[in-house]
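Asks: Next comes the structure file entry_24.csv, holding CSV, C-alpha atoms.
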```csv
chain,number,residue,atom,x,y,z
A,1,ARG,CA,16.9,-4.7,7.4
A,2,GLY,CA,14.8,-2.6,5.1
A,3,VAL,CA,13.7,1.0,5.2
A,4,HIS,CA,10.4,2.0,6.8
A,5,PHE,CA,8.7,4.9,5.0
A,6,SER,CA,6.1,7.0,6.9
A,7,PHE,CA,4.5,10.1,5.5
A,8,LEU,CA,3.0,13.1,7.3
A,9,PRO,CA,1.6,16.1,5.4
A,10,ASN,CA,2.8,15.5,1.9
A,11,SER,CA,1.9,15.9,-1.8
A,12,GLY,CA,3.5,14.3,-4.7
A,13,ALA,CA,6.0,12.0,-3.0
A,14,LYS,CA,7.4,9.3,-5.2
A,15,ILE,CA,8.7,6.0,-3.8
A,16,SER,CA,10.0,3.5,-6.3
A,17,ASP,CA,12.3,0.6,-6.8
A,18,ASN,CA,12.9,0.0,-3.0
A,19,GLU,CA,13.0,-3.2,-1.0
A,20,ILE,CA,11.3,-2.7,2.4
A,21,PHE,CA,11.5,-5.6,4.7
A,22,ASP,CA,11.9,-7.0,8.3
A,23,ASN,CA,10.5,-4.0,10.0
A,24,VAL,CA,8.8,-4.4,13.4
A,25,GLY,CA,5.7,-2.6,12.3
A,26,ILE,CA,4.5,-1.3,8.9
A,27,GLY,CA,6.6,-1.2,5.8
A,28,ILE,CA,5.2,1.9,4.0
A,29,ARG,CA,2.6,4.0,5.8
A,30,ALA,CA,0.8,7.3,5.2
A,31,ALA,CA,-0.2,8.7,8.6
A,32,PRO,CA,-3.9,9.3,9.3
A,33,GLY,CA,-5.3,12.8,9.6
A,34,PHE,CA,-2.7,14.6,7.4
A,35,GLY,CA,-4.3,14.3,3.9
A,36,VAL,CA,-1.5,12.8,1.9
A,37,THR,CA,-2.2,13.4,-1.8
A,38,ASN,CA,-0.7,12.3,-5.2
A,39,LEU,CA,1.6,9.7,-3.7
A,40,SER,CA,3.3,7.4,-6.2
A,41,LEU,CA,4.3,3.9,-5.0
A,42,LYS,CA,5.8,2.0,-7.9
A,43,SER,CA,7.9,-1.2,-8.3
A,44,ASN,CA,8.7,-1.6,-4.6
A,45,LYS,CA,9.3,-5.0,-2.9
A,46,VAL,CA,7.6,-4.9,0.5
A,47,HIS,CA,8.0,-8.1,2.6
A,48,ASP,CA,8.3,-9.7,6.0
A,49,ASN,CA,7.1,-6.7,8.0
A,50,THR,CA,5.2,-7.6,11.2
A,51,LEU,CA,2.2,-5.5,10.5
A,52,GLU,CA,0.9,-4.2,7.1
A,53,GLY,CA,3.2,-4.1,4.1
A,54,VAL,CA,1.5,-0.9,2.8
A,55,LEU,CA,-1.0,1.1,4.9
A,56,LEU,CA,-2.5,4.3,3.5
A,57,ASN,CA,-4.7,6.4,5.8
A,58,ASP,CA,-6.4,9.6,4.5
A,59,THR,CA,-4.6,9.3,1.2
A,60,ASP,CA,-6.2,10.7,-2.0
A,61,GLY,CA,-5.4,10.7,-5.7
A,62,SER,CA,-2.4,8.4,-5.4
A,63,LYS,CA,-1.0,5.7,-7.8
A,64,ILE,CA,0.0,2.4,-6.4
A,65,SER,CA,1.4,0.2,-9.2
A,66,GLY,CA,3.7,-2.7,-9.9
A,67,ASN,CA,4.5,-3.4,-6.2
A,68,GLU,CA,5.1,-6.8,-4.6
A,69,VAL,CA,3.6,-7.0,-1.1
A,70,LYS,CA,4.3,-10.5,0.3
A,71,ASP,CA,4.5,-12.3,3.6
A,72,ASN,CA,3.6,-9.3,5.9
A,73,GLY,CA,1.3,-9.3,8.9
A,74,ALA,CA,-1.3,-7.9,6.4
A,75,GLY,CA,-0.9,-6.8,2.8
A,76,LEU,CA,-2.0,-3.6,1.1
A,77,ALA,CA,-4.7,-1.7,3.0
A,78,LEU,CA,-6.5,1.6,2.5
A,79,LEU,CA,-8.2,3.1,5.5
A,80,ALA,CA,-9.8,6.3,6.9
A,81,GLY,CA,-11.2,8.0,3.9
A,82,SER,CA,-8.6,7.2,1.3
A,83,THR,CA,-10.4,7.9,-2.1
A,84,GLY,CA,-9.6,8.5,-5.7
A,85,ASN,CA,-6.6,6.2,-5.7
A,86,SER,CA,-5.5,3.9,-8.5
A,87,ILE,CA,-4.3,0.5,-7.3
A,88,LYS,CA,-3.1,-1.5,-10.4
A,89,LYS,CA,-0.9,-4.4,-11.3
A,90,ASN,CA,0.3,-5.2,-7.8
A,91,VAL,CA,1.0,-8.6,-6.4
A,92,ALA,CA,0.0,-9.3,-2.8
A,93,THR,CA,0.3,-12.9,-1.6
A,94,GLY,CA,1.1,-14.8,1.6
A,95,ASN,CA,0.1,-12.0,3.9
A,96,GLY,CA,-1.8,-12.5,7.2
A,97,GLY,CA,-5.3,-11.1,7.2
A,98,SER,CA,-6.2,-9.9,3.7
A,99,ASP,CA,-3.7,-9.4,0.9
A,100,MET,CA,-5.7,-6.4,-0.3
A,101,SER,CA,-8.4,-4.5,1.6
A,102,HIS,CA,-10.1,-1.2,2.4
A,103,ASP,CA,-12.6,-0.1,4.9
A,104,GLY,CA,-16.1,1.3,4.1
A,105,GLY,CA,-14.9,4.9,4.2
A,106,SER,CA,-12.3,4.3,1.6
A,107,THR,CA,-14.3,4.3,-1.6
A,108,PRO,CA,-14.3,4.9,-4.5
A,109,ASN,CA,-10.9,3.7,-5.6
A,110,THR,CA,-9.8,1.9,-8.8
A,111,TRP,CA,-8.5,-1.6,-8.2
A,112,LYS,CA,-7.5,-3.3,-11.5
A,113,GLY,CA,-5.2,-6.1,-12.7
A,114,ASN,CA,-3.9,-7.0,-9.2
A,115,VAL,CA,-3.0,-10.5,-8.1
A,116,CYS,CA,-3.8,-11.6,-4.6
A,117,GLY,CA,-4.8,-14.6,-2.6
A,118,THR,CA,-7.4,-12.8,-0.4
A,119,SER,CA,-9.2,-9.5,-0.5
A,120,SER,CA,-11.7,-7.6,1.5
A,121,GLY,CA,-13.7,-5.1,-0.6
A,122,ALA,CA,-16.3,-5.7,-3.3
A,123,ASP,CA,-14.6,-3.4,-5.8
A,124,ILE,CA,-11.1,-5.0,-5.5
A,125,ASP,CA,-10.3,-6.7,-8.8
A,126,CYS,CA,-8.0,-9.5,-7.7
A,127,PRO,CA,-8.3,-12.6,-9.8
```
Please lay out the structure from this file as structure tokens.

Replies:
Amino acid sequence: RGVHFSFLPNSGAKISDNEIFDNVGIGIRAAPGFGVTNLSLKSNKVHDNTLEGVLLNDTDGSKISGNEVKDNGAGLALLAGSTGNSIKKNVATGNGGSDMSHDGGSTPNTWKGNVCGTSSGADIDCP
């Protein structure tokens, strides 16, 4: 069984080179309403979690790069006012719902060079 990461008020946390899997719930989550900033998620393997692989709420100025987000209930999602984030060179495939998504209150963000099967958000670059 993998490790589940959940963040409350935090700035500058770095999560890299982990395998997060088989959680009943979300693999990596930034909790809503706490204003997580400058989070770095790099080179993690997040798979087979029952809900989202990565769910960021109210998260700003963060870098999400080089992660594999596969076969979760949903893939990588930004919600509730997450803005100014850089989401680059991630692979998200085989997730239920969308592989990559954000809600209307979570723009602008930079989505570049990602690979995914499905996405929800006009600015998501996901060939």

Asks: Restricting the calculation to only C-alpha atoms: of A:Ser106, A:Ser119, A:Ser65, A:Ser16, which residue gets closest to Asn90 of chain A?

Replies: A:Ser65

Asks: Return the single residue from A:Val54, A:Leu78, A:Val115, A:Ile20 that is closest to Ser101 of chain A, with distances computed using only C-alpha atoms.

Replies: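 For Ser101 of chain A, the nearest of the given residues is A:Leu78.
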
Asks: Tell me which of A:Ser120, A:Thr50, A:Thr93, A:Thr83 sits closest to Thr107 of chain A, counting all atoms listed in the file.

Replies: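 Checking each of A:Ser120, A:Thr50, A:Thr93, A:Thr83 against Thr107 of chain A, counting all atoms listed in the file, the winner is A:Thr83.
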
Asks: Hey, which of A:Pro108, A:Gly121, A:Gly53, A:Gly84 ends up closest to Asn38 of chain A? Count all atoms listed in the file.

Replies: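 Counting all atoms listed in the file, the residue closest to Asn38 of chain A is A:Gly84.
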
Asks: With distances taken over only C-alpha atoms, which of A:Val91, A:Val36, A:Ala80, A:Ala74 is nearest to Gly61 of chain A?

Replies: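 The closest residue to Gly61 of chain A is A:Val36.
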
Asks: Rounded to one decimal, what separation in Å do you get between atom CA of Asn44 of chain A and atom CA of Cys126 of chain A?

Replies: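 A separation of 18.7 Å between them.
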
Asks: Pick the closest to Gly35 of chain A from A:Asn23, A:Asn57, A:Thr110, A:Asn72: which is it, counting only C-alpha atoms?

Replies: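 Of A:Asn23, A:Asn57, A:Thr110, A:Asn72, the one nearest Gly35 of chain A is A:Asn57, counting only C-alpha atoms.
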
Asks: Just how far from atom CA of Asp22 of chain A is atom CA of Lys112 of chain A, in Å to one decimal?

Replies: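 Distance between the two atoms: 28.0 Å.
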
Asks: Could you work out how far atom CA of Ile64 of chain A lies from atom CA of Leu51 of chain A, giving the answer in Å with one decimal?

Replies: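 Distance reported for this atom pair: 18.8 Å.
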
Asks: Taking (4.6, -3.6, 7.7) as a centre in this file's frame and 12 Å as the limit, can you find every polymer residue with an atom that close, using all atoms listed in the file, and give them as a ChimeraX atom specification?

Replies: /A:2-6,20-30,45-56,69-77,95-96

Asks: Can you find the residues with an atom no farther than 6 Å from (-4.7, -11.6, -1.3), counting only C-alpha atoms, and report them as a PyMOL selection string?

Replies: chain A and resi 92-93+98-100+116-119

Asks: Export, as a short mmCIF file (atom, residue, chain, number, x, y, z; two decimals), in the frame of the given file, the selected residues with C-alpha atoms.

Replies:
```cif
data_model
loop_
_atom_site.label_atom_id
_atom_site.label_comp_id
_atom_site.auth_asym_id
_atom_site.auth_seq_id
_atom_site.Cartn_x
_atom_site.Cartn_y
_atom_site.Cartn_z
CA ALA A 92 0.00 -9.30 -2.80
CA THR A 93 0.30 -12.90 -1.60
CA SER A 98 -6.20 -9.90 3.70
CA ASP A 99 -3.70 -9.40 0.90
CA MET A 100 -5.70 -6.40 -0.30
CA CYS A 116 -3.80 -11.60 -4.60
CA GLY A 117 -4.80 -14.60 -2.60
CA THR A 118 -7.40 -12.80 -0.40
CA SER A 119 -9.20 -9.50 -0.50
#
```

Asks: Pick out the residues sitting within 7 Å of Ser62 of chain A, and hand them over as a list in words; count all atoms listed in the file, and ignore anything fewer than 5 positions along from it in its own chain.

Replies: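 So the residues in contact are Thr37, Asn38, Leu39, Ser40, Asn85 and Ser86 of chain A.
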
Asks: Gly66 of chain A: which residues within 7 Å, counting only C-alpha atoms, same-chain residues fewer than 3 positions away excluded, as JSON, numbers by chain?

Replies: {"A": [42, 43, 88, 89, 90]}

Asks: Rebuild segment 66-89 of chain A to N, CA, C and O atoms - output it as a short mmCIF file (atom, residue, chain, number, x, y, z; two decimals), in the frame of the given file, please.

Replies:
```
data_model
loop_
_atom_site.label_atom_id
_atom_site.label_comp_id
_atom_site.auth_asym_id
_atom_site.auth_seq_id
_atom_site.Cartn_x
_atom_site.Cartn_y
_atom_site.Cartn_z
N GLY A 66 2.52 -1.89 -9.63
CA GLY A 66 3.70 -2.70 -9.90
C GLY A 66 4.47 -3.12 -8.63
O GLY A 66 5.64 -3.47 -8.72
N ASN A 67 3.84 -3.08 -7.46
CA ASN A 67 4.50 -3.40 -6.20
C ASN A 67 4.32 -4.89 -5.87
O ASN A 67 3.29 -5.48 -6.21
N GLU A 68 5.28 -5.50 -5.18
CA GLU A 68 5.10 -6.80 -4.60
C GLU A 68 5.00 -6.66 -3.10
O GLU A 68 5.89 -6.10 -2.46
N VAL A 69 3.89 -7.13 -2.57
CA VAL A 69 3.60 -7.00 -1.10
C VAL A 69 3.38 -8.44 -0.62
O VAL A 69 2.29 -8.99 -0.80
N LYS A 70 4.41 -9.03 -0.02
CA LYS A 70 4.30 -10.50 0.30
C LYS A 70 4.80 -10.74 1.74
O LYS A 70 5.73 -10.11 2.24
N ASP A 71 4.11 -11.70 2.36
CA ASP A 71 4.50 -12.30 3.60
C ASP A 71 4.65 -11.26 4.78
O ASP A 71 5.54 -11.33 5.62
N ASN A 72 3.73 -10.30 4.81
CA ASN A 72 3.60 -9.30 5.90
C ASN A 72 2.52 -9.73 6.84
O ASN A 72 1.75 -10.64 6.54
N GLY A 73 2.38 -9.03 7.96
CA GLY A 73 1.30 -9.30 8.90
C GLY A 73 -0.07 -9.11 8.18
O GLY A 73 -1.02 -9.82 8.42
N ALA A 74 -0.18 -8.14 7.28
CA ALA A 74 -1.30 -7.90 6.40
C ALA A 74 -0.70 -7.32 5.11
O ALA A 74 0.46 -6.89 5.11
N GLY A 75 -1.47 -7.26 4.04
CA GLY A 75 -0.90 -6.80 2.80
C GLY A 75 -0.98 -5.34 2.51
O GLY A 75 -0.36 -4.54 3.20
N LEU A 76 -1.79 -4.94 1.52
CA LEU A 76 -2.00 -3.60 1.10
C LEU A 76 -3.34 -3.12 1.55
O LEU A 76 -4.34 -3.71 1.13
N ALA A 77 -3.43 -2.10 2.40
CA ALA A 77 -4.70 -1.70 3.00
C ALA A 77 -4.90 -0.17 2.85
O ALA A 77 -3.96 0.60 3.07
N LEU A 78 -6.12 0.24 2.48
CA LEU A 78 -6.50 1.60 2.50
C LEU A 78 -7.55 1.87 3.53
O LEU A 78 -8.53 1.12 3.62
N LEU A 79 -7.34 2.87 4.37
CA LEU A 79 -8.20 3.10 5.50
C LEU A 79 -8.56 4.62 5.60
O LEU A 79 -7.95 5.47 4.95
N ALA A 80 -9.52 4.92 6.45
CA ALA A 80 -9.80 6.30 6.90
C ALA A 80 -9.98 7.30 5.80
O ALA A 80 -9.28 8.30 5.75
N GLY A 81 -10.89 7.04 4.87
CA GLY A 81 -11.20 8.00 3.90
C GLY A 81 -10.24 8.19 2.73
O GLY A 81 -10.15 9.24 2.12
N SER A 82 -9.51 7.15 2.41
CA SER A 82 -8.60 7.20 1.30
C SER A 82 -9.44 6.96 0.00
O SER A 82 -10.01 5.89 -0.19
N THR A 83 -9.53 7.97 -0.87
CA THR A 83 -10.40 7.90 -2.10
C THR A 83 -9.66 8.40 -3.29
O THR A 83 -8.67 9.13 -3.20
N GLY A 84 -10.18 7.99 -4.45
CA GLY A 84 -9.60 8.50 -5.70
C GLY A 84 -8.26 7.94 -6.04
O GLY A 84 -7.52 8.54 -6.81
N ASN A 85 -7.91 6.80 -5.46
CA ASN A 85 -6.60 6.20 -5.70
C ASN A 85 -6.69 5.14 -6.78
O ASN A 85 -7.73 4.52 -6.98
N SER A 86 -5.59 4.92 -7.48
CA SER A 86 -5.50 3.90 -8.50
C SER A 86 -4.53 2.81 -8.01
O SER A 86 -3.35 3.09 -7.79
N ILE A 87 -5.06 1.60 -7.84
CA ILE A 87 -4.30 0.50 -7.30
C ILE A 87 -4.25 -0.56 -8.46
O ILE A 87 -5.25 -1.25 -8.69
N LYS A 88 -3.14 -0.63 -9.20
CA LYS A 88 -3.10 -1.50 -10.40
C LYS A 88 -1.82 -2.30 -10.49
O LYS A 88 -0.75 -1.83 -10.13
N LYS A 89 -2.01 -3.53 -10.98
CA LYS A 89 -0.90 -4.40 -11.30
C LYS A 89 0.06 -4.68 -10.17
O LYS A 89 1.27 -4.76 -10.34
#
```
